[in-house]
Amino acid sequence: MRENGYEVSLFDTMFVQDPHEVIKEIKDNQPAFFVMYDDGFNYLTKMCLTNMREAAFTMIRLAKQRGCTVIVSSSDSTDHYAQYIERGADFIIL
């Protein structure tokens, strides 16, 4: 992305306590696109799937409220894409 002239920032949510912590990152960086990516197998995500899904839905809402286009790529969003779209995601990468 950088090689093609895009500014890129990364915020790893792995150890955050609350999905609302993403608000500061959105305010500081003012991204046009908010991308949520989960690797194909993440042990903690699988062990806490309901909590992680709700956290993802919260971050989608927060990003949309701040004008971002939301793109999601994860095994859960692939399996339950309609729920993610209903919650405001603009694109689900399958």
# chains A, B, ... in the order shown; residues from 1 in each chain; ligands from 1

call {"tool": "residues_around", "arguments": {"residues": "Phe34 (chain A)", "least_positions_apart": "4", "cutoff": "8 Å", "atoms": "only C-alpha atoms", "output": "list in words"}}
result
Ala63, Cys68, Thr69, Val70 and Ile71 of chain A

call {"tool": "write_last_selection", "arguments": {"atoms": "all heavy atoms", "output": "mmCIF file, in the first residue's frame"}}
result
data_model
loop_
_atom_site.group_PDB
_atom_site.id
_atom_site.type_symbol
_atom_site.label_atom_id
_atom_site.label_comp_id
_atom_site.auth_asym_id
_atom_site.auth_seq_id
_atom_site.Cartn_x
_atom_site.Cartn_y
_atom_site.Cartn_z
ATOM 1 N N ALA A 63 -16.147 2.917 13.705
ATOM 2 C CA ALA A 63 -15.488 3.377 12.480
ATOM 3 C C ALA A 63 -16.493 4.031 11.531
ATOM 4 O O ALA A 63 -16.208 5.076 10.932
ATOM 5 C CB ALA A 63 -14.774 2.219 11.799
ATOM 6 N N CYS A 68 -15.599 6.167 8.156
ATOM 7 C CA CYS A 68 -14.722 5.200 7.485
ATOM 8 C C CYS A 68 -15.517 4.204 6.644
ATOM 9 O O CYS A 68 -16.623 3.818 7.008
ATOM 10 C CB CYS A 68 -13.936 4.390 8.517
ATOM 11 S SG CYS A 68 -12.845 5.353 9.574
ATOM 12 N N THR A 69 -14.927 3.793 5.554
ATOM 13 C CA THR A 69 -15.385 2.622 4.827
ATOM 14 C C THR A 69 -14.775 1.427 5.548
ATOM 15 O O THR A 69 -13.570 1.397 5.783
ATOM 16 C CB THR A 69 -14.897 2.653 3.366
ATOM 17 O OG1 THR A 69 -15.474 3.785 2.722
ATOM 18 C CG2 THR A 69 -15.273 1.376 2.629
ATOM 19 N N VAL A 70 -15.604 0.443 5.913
ATOM 20 C CA VAL A 70 -15.140 -0.677 6.726
ATOM 21 C C VAL A 70 -15.007 -1.936 5.869
ATOM 22 O O VAL A 70 -15.951 -2.345 5.196
ATOM 23 C CB VAL A 70 -16.092 -0.938 7.913
ATOM 24 C CG1 VAL A 70 -15.669 -2.170 8.691
ATOM 25 C CG2 VAL A 70 -16.145 0.284 8.826
ATOM 26 N N ILE A 71 -13.813 -2.526 5.951
ATOM 27 C CA ILE A 71 -13.494 -3.758 5.235
ATOM 28 C C ILE A 71 -13.091 -4.796 6.272
ATOM 29 O O ILE A 71 -12.255 -4.512 7.136
ATOM 30 C CB ILE A 71 -12.340 -3.536 4.241
ATOM 31 C CG1 ILE A 71 -12.704 -2.421 3.255
ATOM 32 C CG2 ILE A 71 -11.989 -4.837 3.513
ATOM 33 C CD1 ILE A 71 -11.536 -1.926 2.425
#

call {"tool": "closest_atom_pairs", "arguments": {"of": "region 44-81 of chain A", "to": "region 88-94 of chain A", "cutoff": "9 Å", "atoms": "only C-alpha atoms", "output": "JSON lines"}}
result
{"residue": "A:Phe57", "atom": "CA", "partner": "A:Gly88", "partner_atom": "CA", "distance": 8.1}
{"residue": "A:Ile60", "atom": "CA", "partner": "A:Ala89", "partner_atom": "CA", "distance": 6.2}
{"residue": "A:Arg61", "atom": "CA", "partner": "A:Gly88", "partner_atom": "CA", "distance": 6.6}
{"residue": "A:Lys64", "atom": "CA", "partner": "A:Gly88", "partner_atom": "CA", "distance": 7.1}
{"residue": "A:Thr69", "atom": "CA", "partner": "A:Asp90", "partner_atom": "CA", "distance": 6.2}
{"residue": "A:Val70", "atom": "CA", "partner": "A:Ala89", "partner_atom": "CA", "distance": 5.1}
{"residue": "A:Ile71", "atom": "CA", "partner": "A:Phe91", "partner_atom": "CA", "distance": 4.8}
{"residue": "A:Val72", "atom": "CA", "partner": "A:Ile92", "partner_atom": "CA", "distance": 4.9}
{"residue": "A:Ser73", "atom": "CA", "partner": "A:Ile93", "partner_atom": "CA", "distance": 5.0}
{"residue": "A:Ser74", "atom": "CA", "partner": "A:Ile93", "partner_atom": "CA", "distance": 7.7}
{"residue": "A:Ser75", "atom": "CA", "partner": "A:Leu94", "partner_atom": "CA", "distance": 8.2}
{"residue": "A:Ser77", "atom": "CA", "partner": "A:Ile92", "partner_atom": "CA", "distance": 6.7}
{"residue": "A:Thr78", "atom": "CA", "partner": "A:Leu94", "partner_atom": "CA", "distance": 5.4}
{"residue": "A:Asp79", "atom": "CA", "partner": "A:Leu94", "partner_atom": "CA", "distance": 8.8}
{"residue": "A:Tyr81", "atom": "CA", "partner": "A:Ile92", "partner_atom": "CA", "distance": 6.5}

call {"tool": "closest_residue", "arguments": {"among": "A:Ala56, A:Asp76, A:Gly67, A:Ile85", "to": "Lys27 (chain A)", "atoms": "only C-alpha atoms"}}
result
A:Gly67

call {"tool": "closest_residue", "arguments": {"among": "A:Glu54, A:Arg87, A:Gln65, A:Ala32", "to": "Tyr6 (chain A)", "atoms": "only C-alpha atoms"}}
result
A:Ala32

call {"tool": "closest_residue", "arguments": {"among": "A:Gln83, A:Met1, A:Val8, A:Pro19", "to": "Met52 (chain A)", "atoms": "only C-alpha atoms"}}
result
A:Pro19

call {"tool": "closest_residue", "arguments": {"among": "A:Asp39, A:Asp18, A:Lys24, A:Phe11", "to": "Thr58 (chain A)", "atoms": "only C-alpha atoms"}}
result
A:Asp18

call {"tool": "residues_around", "arguments": {"residues": "Asp28 (chain A)", "least_positions_apart": "5", "cutoff": "12 Å", "atoms": "only C-alpha atoms", "output": "CSV table (one decimal) with C-alpha atoms, in the first residue's frame"}}
result
chain,number,residue,atom,x,y,z
A,9,SER,CA,-1.2,2.8,10.1
A,10,LEU,CA,-1.6,-0.3,12.1
A,11,PHE,CA,-3.3,-0.8,15.5
A,21,GLU,CA,-9.7,2.0,22.4
A,22,VAL,CA,-9.8,2.2,18.6
A,23,ILE,CA,-11.5,5.6,18.8
A,66,ARG,CA,-16.4,8.5,12.1

call {"tool": "atom_distance", "arguments": {"atom1": "CA of Met36 (chain A)", "atom2": "CA of Gln17 (chain A)"}}
result
16.8 Å

call {"tool": "select_by_dssp", "arguments": {"residues": "region 9-85 of chain A", "states": "helix (DSSP H, G or I)", "output": "PyMOL selection string"}}
result
chain A and resi 19-29+43-47+49-65+75-79+81-85

call {"tool": "select_by_dssp", "arguments": {"residues": "chain A", "states": "strand (DSSP E or B)", "output": "PDB file with N, CA, C and O atoms, in the first residue's frame"}}
result
ATOM      1  N   PHE A  33     -10.319   4.311   5.119  1.00  0.00           N
ATOM      2  CA  PHE A  33     -10.652   2.892   5.192  1.00  0.00           C
ATOM      3  C   PHE A  33     -10.241   2.346   6.549  1.00  0.00           C
ATOM      4  O   PHE A  33      -9.134   2.602   7.016  1.00  0.00           O
ATOM      5  N   PHE A  34     -11.136   1.583   7.148  1.00  0.00           N
ATOM      6  CA  PHE A  34     -10.869   0.906   8.409  1.00  0.00           C
ATOM      7  C   PHE A  34     -10.928  -0.582   8.094  1.00  0.00           C
ATOM      8  O   PHE A  34     -11.985  -1.107   7.752  1.00  0.00           O
ATOM      9  N   VAL A  35      -9.774  -1.244   8.145  1.00  0.00           N
ATOM     10  CA  VAL A  35      -9.695  -2.647   7.763  1.00  0.00           C
ATOM     11  C   VAL A  35      -9.482  -3.488   9.020  1.00  0.00           C
ATOM     12  O   VAL A  35      -8.548  -3.245   9.784  1.00  0.00           O
ATOM     13  N   MET A  36     -10.344  -4.465   9.213  1.00  0.00           N
ATOM     14  CA  MET A  36     -10.179  -5.427  10.304  1.00  0.00           C
ATOM     15  C   MET A  36      -9.768  -6.742   9.681  1.00  0.00           C
ATOM     16  O   MET A  36     -10.471  -7.278   8.825  1.00  0.00           O
ATOM     17  N   TYR A  37      -8.610  -7.235  10.104  1.00  0.00           N
ATOM     18  CA  TYR A  37      -8.070  -8.472   9.558  1.00  0.00           C
ATOM     19  C   TYR A  37      -7.740  -9.416  10.698  1.00  0.00           C
ATOM     20  O   TYR A  37      -7.115  -9.022  11.686  1.00  0.00           O
ATOM     21  N   THR A  69     -14.927   3.793   5.554  1.00  0.00           N
ATOM     22  CA  THR A  69     -15.385   2.622   4.827  1.00  0.00           C
ATOM     23  C   THR A  69     -14.775   1.427   5.548  1.00  0.00           C
ATOM     24  O   THR A  69     -13.570   1.397   5.783  1.00  0.00           O
ATOM     25  N   VAL A  70     -15.604   0.443   5.913  1.00  0.00           N
ATOM     26  CA  VAL A  70     -15.140  -0.677   6.726  1.00  0.00           C
ATOM     27  C   VAL A  70     -15.007  -1.936   5.869  1.00  0.00           C
ATOM     28  O   VAL A  70     -15.951  -2.345   5.196  1.00  0.00           O
ATOM     29  N   ILE A  71     -13.813  -2.526   5.951  1.00  0.00           N
ATOM     30  CA  ILE A  71     -13.494  -3.758   5.235  1.00  0.00           C
ATOM     31  C   ILE A  71     -13.091  -4.796   6.272  1.00  0.00           C
ATOM     32  O   ILE A  71     -12.255  -4.512   7.136  1.00  0.00           O
ATOM     33  N   VAL A  72     -13.686  -5.990   6.198  1.00  0.00           N
ATOM     34  CA  VAL A  72     -13.400  -7.036   7.183  1.00  0.00           C
ATOM     35  C   VAL A  72     -12.936  -8.294   6.461  1.00  0.00           C
ATOM     36  O   VAL A  72     -13.520  -8.704   5.462  1.00  0.00           O
ATOM     37  N   SER A  73     -11.889  -8.901   7.014  1.00  0.00           N
ATOM     38  CA  SER A  73     -11.397 -10.174   6.504  1.00  0.00           C
ATOM     39  C   SER A  73     -11.085 -11.070   7.692  1.00  0.00           C
ATOM     40  O   SER A  73     -10.154 -10.800   8.450  1.00  0.00           O
ATOM     41  N   PHE A  91     -17.575  -4.043   3.166  1.00  0.00           N
ATOM     42  CA  PHE A  91     -17.030  -5.146   2.371  1.00  0.00           C
ATOM     43  C   PHE A  91     -16.558  -6.254   3.287  1.00  0.00           C
ATOM     44  O   PHE A  91     -15.964  -5.998   4.322  1.00  0.00           O
ATOM     45  N   ILE A  92     -16.812  -7.500   2.862  1.00  0.00           N
ATOM     46  CA  ILE A  92     -16.271  -8.674   3.518  1.00  0.00           C
ATOM     47  C   ILE A  92     -15.396  -9.376   2.489  1.00  0.00           C
ATOM     48  O   ILE A  92     -15.855  -9.699   1.394  1.00  0.00           O
TER      49      ILE A  92
END

call {"tool": "atom_distance", "arguments": {"atom1": "CA of Asp38 (chain A)", "atom2": "CA of Met59 (chain A)"}}
result
13.6 Å

call {"tool": "atom_distance", "arguments": {"atom1": "CA of Leu62 (chain A)", "atom2": "CA of His20 (chain A)"}}
result
7.6 Å
